[in-house]
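In what follows, a structure is listed as structure tokens, so that the remarks can point back to it.
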Amino acid sequence: MSIQLSNYTIMRKFTLLFLLPLLTVGLSFSGFSQSSASITVSNGAKDTISRHIYGQFAEHLGRGIYGGFWVDPSLPVKKQDRIRLDVVNALKKIKIPNLRWPGGCFADEYHWRDGIGDRSQRPKMINTNWGGVVEDNSFGTHEFLELCQLLGCEPYVSGNVGSGTVQEMSNWVEYLNFDGESPLTNLRTKNGHPKPFNVHFWGVGNESWGCGGNMTAEHYSDEYRRYAVFAKDYNNAKLKKIACGPSDQDYNWMETCMKNIGSRNMWGISLHYYTLPTGNWNDKGPATGFGEKEYFNTISNTLRMDEFITKHSAIMDKYDPNKKVALVVDEWGVWTNVEPGTNPGFLFQQNSLRDALVAGTNLNIFNNHCDRVKMAALAQCINVLQALILTDKEKMLLTPTYYVFDMYKVHQDAQYLPIKLNTPDYEFDGKKLPAVNASASRDAAGKIHITLVNLDARNSVNVSTEFKGLQWNTVTGQVLTSASVADINTFEKPNTIINKRFTGARKNGDKLVVNLPSKSIVSLELN
Ligand code: AHR
């Protein structure tokens, strides 16, 4: 069901079968290919788009936790304890389903006992990965779970494999989830929580091939098996254990883990893939003020997500043909150079319409792979990398990426509707990429939702959609766009890029006809 890649293949076939003959009789390729796309949406698929695809990530990194979620008691904003409530309310509006914590690289140097009990007595540590700053451990297990409760989302805890021990992880699970009496549950009670927290999503290490221990795939998969045995299931808290999977195209890592672990004691395996605008880790490119060349490269790099998911899924299919193991894309997003003048270890970057187009595209890719991709997490939620929210002391702004999650939340737990797509190319400087991507679903009330992205920075596309086995009468929609792909929301002008009512869709006979503006994301609801 790898729709995005097969769409691409279909598009190529379409070009060969139909467009080349037209070209030979003298019709303009660019005139046709720049303007029209066609989509077929069918009924009958059994897969659901898991709401957990819309997950978020909050690491002890820069101003993600401290100064993001968890603020100084003197900051003049509404708070519960030290948790900022304007941030919580904004995230509740887009229904974030899960939050991954405490890292990232930080997770493999985090010792959970340092973050419980009387805050004034908690030991301090150095955050060696992220700027070498002092971590005071004031935000720990109880604070994280209080945050998840306020957000109404499921916690996803990443356990320490790199510098922790099997016993430490085993104890943490018992502290969180055991509903009987033990020294650890007595400690939990003493710390104010007699009832178990019932955490389900459990990461066994993070990037164990790199910052999480620099292990080989063989070594990690053995370690996983050992750790997983002692991370126990308790009443009402069966763990969904997630192995550290590969980054990008490290197919050997996936092959080795699937071969050595398989579906035994593993709910999911992760994949990390970041979009670097330049593709170069040493100079990733700026988050603002870029031109079309940088934009085109960013999109081109983003589209590789489909290739990675398709190829990793094919390896997983060999060892897990019934698709019991989830592919969990728990770190994705645009990673640029930091904003000038900010701490390089804090990974603070602005967020433009380009980020929104990347988000819409990645989420369409995940939806179209929902038979295997059951969970994902944008990196990261606040003030770090491709954030949903930026804060500056008491000020807060919602980024263009936030609005994409708002427009796409309708897909959460909806029935997946397969699509076939013929798209024109977006051409720049002699290079091409597919201009349009899309995904569709039907919710419990029978409403059909289609999310469309037009990546072309200059040209609108007319999209004609046909439905097979699906009835509808009316269409409404929202659009997110702006004058330039480099436009951003600022604290002075926070509403430059915000989702607005869309009037460019109508019913024409049985077909849905949409005029998709250039560089836009459109979400349609069909009743
Ligand atoms: O998200 C920032 C970092 O990127 C994470 O800590 C790590 O897992 C990845 O390399």
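Each chain in the structure tokens gets a letter, A, B, ..., in the order shown, and its residues are numbered from 1; ligands are numbered from 1 in order too.
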* Return as number ranges by chain every polymer residue, whether protein, DNA or RNA, with at least one atom no more than 10 Å from an atom of ligand 1; count only C-alpha atoms and all ligand atoms. => A: 57-61, 102-108, 129-130, 205-208, 210-212, 244, 247, 272-274, 330-333, 335, 345-347, 378-380, 384-386
* Asked: Can you tell me, as a ChimeraX atom specification, what residues are no more than 7 Å from A:Asn364 when counting only C-alpha atoms, ignoring any on the same chain fewer than 4 positions away?
  -> /A:360,368,438-439
Can you check which parts of stretch 332-372 of chain A lie within 9 Å of stretch 403-412 of chain A? Per residue, the shortest pair of atoms and distance in Å to one decimal, counting only C-alpha atoms, sorted by chain and number, as a tab-separated table.
```
residue	atom	partner	partner_atom	distance
A:Ala356	CA	A:Val404	CA	6.2
A:Leu357	CA	A:Val404	CA	8.3
A:Ala359	CA	A:Val404	CA	6.9
A:Gly360	CA	A:Val404	CA	6.2
A:Leu363	CA	A:Tyr408	CA	8.1
A:Asn367	CA	A:His411	CA	8.1
```
* To do: Among the residues of stretch 23-209 of chain A, find those DSSP assigns to helix (DSSP H, G or I) from the backbone and print them as a PyMOL selection string.
  => chain A and resi 23-24+29-33+51-54+85-93+105-109+112-115+119-121+141-151+166-177+183-190
* Fewer than 4 positions away in the same chain doesn't count, so skip those; otherwise give me all residues within 7 Å of A:Pro277, counting only C-alpha atoms, as a list in words. =>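 The residues that qualify are Lys284, Gly285, Glu294, Asn297, Thr298 and Thr336 of chain A.
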* Nearby residues (only C-alpha atoms) at most 9 Å from A:Gln471, same-chain spacing under 5 positions excluded, as a ChimeraX atom specification -> /A:510,526-527
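Residues lying within 9 Å of A:Met396, counting only C-alpha atoms and ignoring same-chain neighbours fewer than 2 positions away, are Asp86, Val87, Ile389, Leu390, Thr391, Asp392, Lys393, Glu394, Leu398, Phe491 and Pro494 of chain A.
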Please write the residues from the selection above to a file, keeping N, CA and C atoms, as a CSV table (one decimal), in the first residue's frame.
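This is the output file part_38.csv:
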```csv
chain,number,residue,atom,x,y,z
A,86,ASP,N,-1.1,28.2,28.5
A,86,ASP,CA,-1.4,28.6,27.2
A,86,ASP,C,-0.9,27.6,26.1
A,87,VAL,N,0.3,27.1,26.5
A,87,VAL,CA,0.9,26.1,25.6
A,87,VAL,C,0.1,24.8,25.6
A,389,ILE,N,5.3,25.4,18.4
A,389,ILE,CA,5.1,26.6,19.2
A,389,ILE,C,6.4,27.2,19.5
A,390,LEU,N,6.5,28.5,19.4
A,390,LEU,CA,7.7,29.2,19.9
A,390,LEU,C,7.3,30.2,21.0
A,391,THR,N,8.2,30.3,22.0
A,391,THR,CA,7.9,31.2,23.1
A,391,THR,C,9.1,32.1,23.3
A,392,ASP,N,8.7,33.3,23.8
A,392,ASP,CA,9.8,34.3,24.2
A,392,ASP,C,9.2,34.9,25.5
A,393,LYS,N,9.8,34.4,26.6
A,393,LYS,CA,9.3,34.8,27.9
A,393,LYS,C,7.8,34.5,28.0
A,394,GLU,N,6.9,35.6,28.2
A,394,GLU,CA,5.5,35.3,28.3
A,394,GLU,C,4.8,35.2,27.0
A,398,LEU,N,2.1,30.5,17.5
A,398,LEU,CA,1.9,29.2,16.8
A,398,LEU,C,2.5,29.2,15.4
A,491,PHE,N,6.6,37.2,16.7
A,491,PHE,CA,5.9,37.6,17.9
A,491,PHE,C,5.2,39.0,17.7
A,494,PRO,N,2.0,37.6,14.6
A,494,PRO,CA,1.9,36.1,14.8
A,494,PRO,C,0.9,35.4,13.8
```
* To do: Fewer than 3 positions away in the same chain doesn't count, so skip those; otherwise give me all residues within 10 Å of A:His369, counting only C-alpha atoms, as a list of chain:residue names.
  => A:Met1, A:Ser2, A:Ile3, A:Gln4, A:Asp47, A:Ile49, A:Asp306, A:Ile309, A:Thr310, A:Ser313, A:Leu327, A:Leu363, A:Asn364, A:Ile365, A:Phe366, A:Arg372, A:Val373, A:Lys374, A:Tyr416, A:Pro418
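In terms of minimum interatomic distance to A:Lys46, A:Asp371 ranks closest within A:Asp371, A:Asp248, A:Glu154, A:Asp425, counting only C-alpha atoms.
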* To do: Show which residues sit within 8 Å of A:Gly245, as a ChimeraX atom specification. Count only C-alpha atoms, and ignore same-chain residues fewer than 5 positions away.
  => /A:207,253-254,257,269-272
* Choose the residue, out of A:Ala314, A:Leu239, A:Ile83, A:Leu470, that has the smallest atom-to-atom separation from A:Phe139; count only C-alpha atoms. =>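 When distances to A:Phe139 are compared using only C-alpha atoms, the smallest one comes from A:Ile83.
Picture a line from atom CA of A:Thr399 to atom CA of A:Asn437; it runs 21.5 Å.
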* To do: Would you mind telling me which residue in A:Met305, A:Val199, A:Leu512, A:Met316 lies nearest to A:Asn362 when using only C-alpha atoms?
  =>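 Going through A:Met305, A:Val199, A:Leu512, A:Met316 one by one, the smallest distance to A:Asn362 is for A:Met305.
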* To do: Taking the chain letters and numbering used in this document, name the residues of stretch 338-437 of chain A that DSSP puts in strand (DSSP E or B), as a ChimeraX atom specification.
  => /A:352,373-378,382,389-392,395-398,414-417,419-422,425-428,431-434,436-437
Generate a file of the selected residues that holds N, CA, C and O atoms, formatted as a CSV table (one decimal), in the first residue's frame.
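The file below, again30.csv, is the result:
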```
chain,number,residue,atom,x,y,z
A,352,SER,N,8.8,28.4,8.8
A,352,SER,CA,8.2,29.1,7.7
A,352,SER,C,7.1,28.3,7.0
A,352,SER,O,6.8,27.1,7.4
A,373,VAL,N,3.1,2.2,9.3
A,373,VAL,CA,3.4,3.4,10.2
A,373,VAL,C,2.3,3.6,11.2
A,373,VAL,O,1.2,4.1,10.8
A,374,LYS,N,2.5,3.3,12.4
A,374,LYS,CA,1.4,3.4,13.4
A,374,LYS,C,1.6,4.5,14.4
A,374,LYS,O,0.8,4.8,15.3
A,375,MET,N,2.8,5.1,14.3
A,375,MET,CA,3.2,6.1,15.3
A,375,MET,C,4.3,7.0,14.7
A,375,MET,O,5.1,6.5,13.9
A,376,ALA,N,4.3,8.3,15.1
A,376,ALA,CA,5.4,9.2,14.7
A,376,ALA,C,5.5,10.3,15.7
A,376,ALA,O,4.6,10.5,16.5
A,377,ALA,N,6.5,11.0,15.6
A,377,ALA,CA,6.7,12.2,16.5
A,377,ALA,C,7.5,13.3,15.8
A,377,ALA,O,8.6,13.0,15.3
A,378,LEU,N,6.9,14.5,15.7
A,378,LEU,CA,7.6,15.6,15.1
A,378,LEU,C,8.7,16.0,16.1
A,378,LEU,O,8.4,16.1,17.3
A,382,ILE,N,8.2,22.3,21.2
A,382,ILE,CA,8.3,23.8,21.5
A,382,ILE,C,9.8,24.2,21.4
A,382,ILE,O,10.7,23.6,22.1
A,389,ILE,N,5.3,25.4,18.4
A,389,ILE,CA,5.1,26.6,19.2
A,389,ILE,C,6.4,27.2,19.5
A,389,ILE,O,7.4,26.5,19.8
A,390,LEU,N,6.5,28.5,19.4
A,390,LEU,CA,7.7,29.2,19.9
A,390,LEU,C,7.3,30.2,21.0
A,390,LEU,O,6.2,30.8,21.0
A,391,THR,N,8.2,30.3,22.0
A,391,THR,CA,7.9,31.2,23.1
A,391,THR,C,9.1,32.1,23.3
A,391,THR,O,10.2,31.8,23.0
A,392,ASP,N,8.7,33.3,23.8
A,392,ASP,CA,9.8,34.3,24.2
A,392,ASP,C,9.2,34.9,25.5
A,392,ASP,O,8.3,35.7,25.5
A,395,LYS,N,5.5,35.6,25.9
A,395,LYS,CA,4.9,35.6,24.6
A,395,LYS,C,4.9,34.2,24.0
A,395,LYS,O,5.8,33.4,24.2
A,396,MET,N,3.9,33.9,23.2
A,396,MET,CA,3.8,32.6,22.6
A,396,MET,C,3.3,32.8,21.1
A,396,MET,O,2.4,33.6,20.9
A,397,LEU,N,3.9,32.0,20.2
A,397,LEU,CA,3.3,32.0,18.8
A,397,LEU,C,3.1,30.6,18.3
A,397,LEU,O,3.9,29.7,18.7
A,398,LEU,N,2.1,30.5,17.5
A,398,LEU,CA,1.9,29.2,16.8
A,398,LEU,C,2.5,29.2,15.4
A,398,LEU,O,2.3,30.2,14.7
A,414,ALA,N,-9.2,7.7,11.8
A,414,ALA,CA,-10.2,7.5,10.8
A,414,ALA,C,-9.9,6.4,9.9
A,414,ALA,O,-8.7,5.9,9.8
A,415,GLN,N,-10.9,5.9,9.1
A,415,GLN,CA,-10.6,4.8,8.2
A,415,GLN,C,-9.8,5.3,7.0
A,415,GLN,O,-10.2,6.3,6.4
A,416,TYR,N,-8.8,4.7,6.7
A,416,TYR,CA,-7.9,5.1,5.6
A,416,TYR,C,-8.6,4.9,4.2
A,416,TYR,O,-9.2,3.8,4.0
A,417,LEU,N,-8.6,5.8,3.3
A,417,LEU,CA,-9.1,5.7,2.0
A,417,LEU,C,-8.0,5.7,1.0
A,417,LEU,O,-7.3,6.8,0.9
A,419,ILE,N,-5.8,6.3,-2.2
A,419,ILE,CA,-5.9,7.2,-3.4
A,419,ILE,C,-4.9,6.8,-4.5
A,419,ILE,O,-3.8,6.2,-4.2
A,420,LYS,N,-5.3,7.1,-5.7
A,420,LYS,CA,-4.4,7.0,-6.8
A,420,LYS,C,-4.3,8.5,-7.3
A,420,LYS,O,-5.3,9.2,-7.5
A,421,LEU,N,-3.1,8.8,-7.6
A,421,LEU,CA,-2.8,10.3,-7.9
A,421,LEU,C,-1.9,10.4,-9.2
A,421,LEU,O,-0.9,9.7,-9.3
A,422,ASN,N,-2.4,11.2,-10.1
A,422,ASN,CA,-1.6,11.6,-11.2
A,422,ASN,C,-1.2,13.1,-11.0
A,422,ASN,O,-2.2,13.9,-11.0
A,425,ASP,N,4.5,17.8,-12.6
A,425,ASP,CA,5.8,18.1,-11.9
A,425,ASP,C,5.9,19.5,-11.5
A,425,ASP,O,5.3,20.4,-12.1
A,426,TYR,N,6.6,19.7,-10.4
A,426,TYR,CA,7.1,21.0,-10.0
A,426,TYR,C,8.5,21.1,-10.6
A,426,TYR,O,9.4,20.3,-10.1
A,427,GLU,N,8.8,22.0,-11.5
A,427,GLU,CA,10.1,22.1,-12.1
A,427,GLU,C,10.9,23.3,-11.7
A,427,GLU,O,10.3,24.4,-11.6
A,428,PHE,N,12.1,23.1,-11.4
A,428,PHE,CA,13.0,24.2,-11.0
A,428,PHE,C,14.4,23.9,-11.5
A,428,PHE,O,15.0,22.8,-11.2
A,431,LYS,N,15.3,20.6,-12.8
A,431,LYS,CA,14.9,19.4,-12.0
A,431,LYS,C,13.4,19.4,-11.7
A,431,LYS,O,12.8,20.4,-11.8
A,432,LYS,N,13.0,18.2,-11.4
A,432,LYS,CA,11.5,18.0,-11.3
A,432,LYS,C,11.2,17.2,-10.0
A,432,LYS,O,12.0,16.3,-9.6
A,433,LEU,N,10.1,17.5,-9.4
A,433,LEU,CA,9.5,16.6,-8.4
A,433,LEU,C,8.0,16.7,-8.5
A,433,LEU,O,7.5,17.6,-9.0
A,434,PRO,N,7.3,15.7,-7.9
A,434,PRO,CA,5.9,15.7,-8.0
A,434,PRO,C,5.3,16.8,-7.3
A,434,PRO,O,5.5,17.0,-6.1
A,436,VAL,N,2.0,17.6,-6.5
A,436,VAL,CA,0.9,17.4,-5.5
A,436,VAL,C,1.1,16.1,-4.8
A,436,VAL,O,1.5,15.1,-5.3
A,437,ASN,N,0.8,16.2,-3.5
A,437,ASN,CA,0.6,14.9,-2.7
A,437,ASN,C,-0.7,15.0,-1.9
A,437,ASN,O,-1.2,16.1,-1.7
```
Hey, could you make a per-residue contact list for stretch 39-61 of chain A against stretch 442-463 of chain A with 12 Å as the cut-off, showing the nearest pair of atoms and its distance in Å to one decimal, counting only C-alpha atoms, sorted by chain and number, as CSV?
```
residue,atom,partner,partner_atom,distance
A:Ile39,CA,A:Val463,CA,7.2
A:Thr40,CA,A:Val463,CA,10.6
A:Val41,CA,A:Ile450,CA,9.2
A:Ser42,CA,A:Arg442,CA,10.6
A:Asn43,CA,A:Arg442,CA,9.0
A:Gly44,CA,A:Arg442,CA,10.7
A:Ala45,CA,A:Arg442,CA,10.6
A:Lys46,CA,A:Arg442,CA,11.4
A:Asp47,CA,A:Arg442,CA,11.0
A:Thr48,CA,A:Arg442,CA,9.4
A:Ile49,CA,A:Arg442,CA,9.8
A:Ser50,CA,A:Asp443,CA,11.9
A:Arg51,CA,A:Asp443,CA,11.8
```
Store the residues of this selection in a file with C-alpha atoms, as a PDB file, in the first residue's frame.
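Ended up saving to part_15.pdb:
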```
ATOM      1  CA  ILE A  39      -7.090  11.693  -7.998  1.00  0.00           C
ATOM      2  CA  THR A  40      -9.189   8.606  -7.441  1.00  0.00           C
ATOM      3  CA  VAL A  41     -10.324   7.918  -3.879  1.00  0.00           C
ATOM      4  CA  SER A  42     -11.632   4.425  -3.144  1.00  0.00           C
ATOM      5  CA  ASN A  43     -13.549   2.811  -0.368  1.00  0.00           C
ATOM      6  CA  GLY A  44     -12.940  -0.613   1.145  1.00  0.00           C
ATOM      7  CA  ALA A  45      -9.530  -0.503   2.816  1.00  0.00           C
ATOM      8  CA  LYS A  46      -9.386  -2.013   6.297  1.00  0.00           C
ATOM      9  CA  ASP A  47      -6.595   0.118   7.702  1.00  0.00           C
ATOM     10  CA  THR A  48      -7.051   2.882  10.211  1.00  0.00           C
ATOM     11  CA  ILE A  49      -4.858   5.976  10.348  1.00  0.00           C
ATOM     12  CA  SER A  50      -3.619   5.722  13.922  1.00  0.00           C
ATOM     13  CA  ARG A  51      -3.943   8.941  15.860  1.00  0.00           C
TER      14      ARG A  51
END
```
* Mind giving me the straight-line distance from atom CA of A:Gly180 to atom CA of A:Lys238 in Å, one decimal? =>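 Answer for the atom CA of A:Gly180 to atom CA of A:Lys238 separation: 15.2 Å.
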* Structure fact -> Closest of A:Lys511, A:Arg188, A:His111, A:Arg225 to A:Asn160, counting only C-alpha atoms, is A:His111
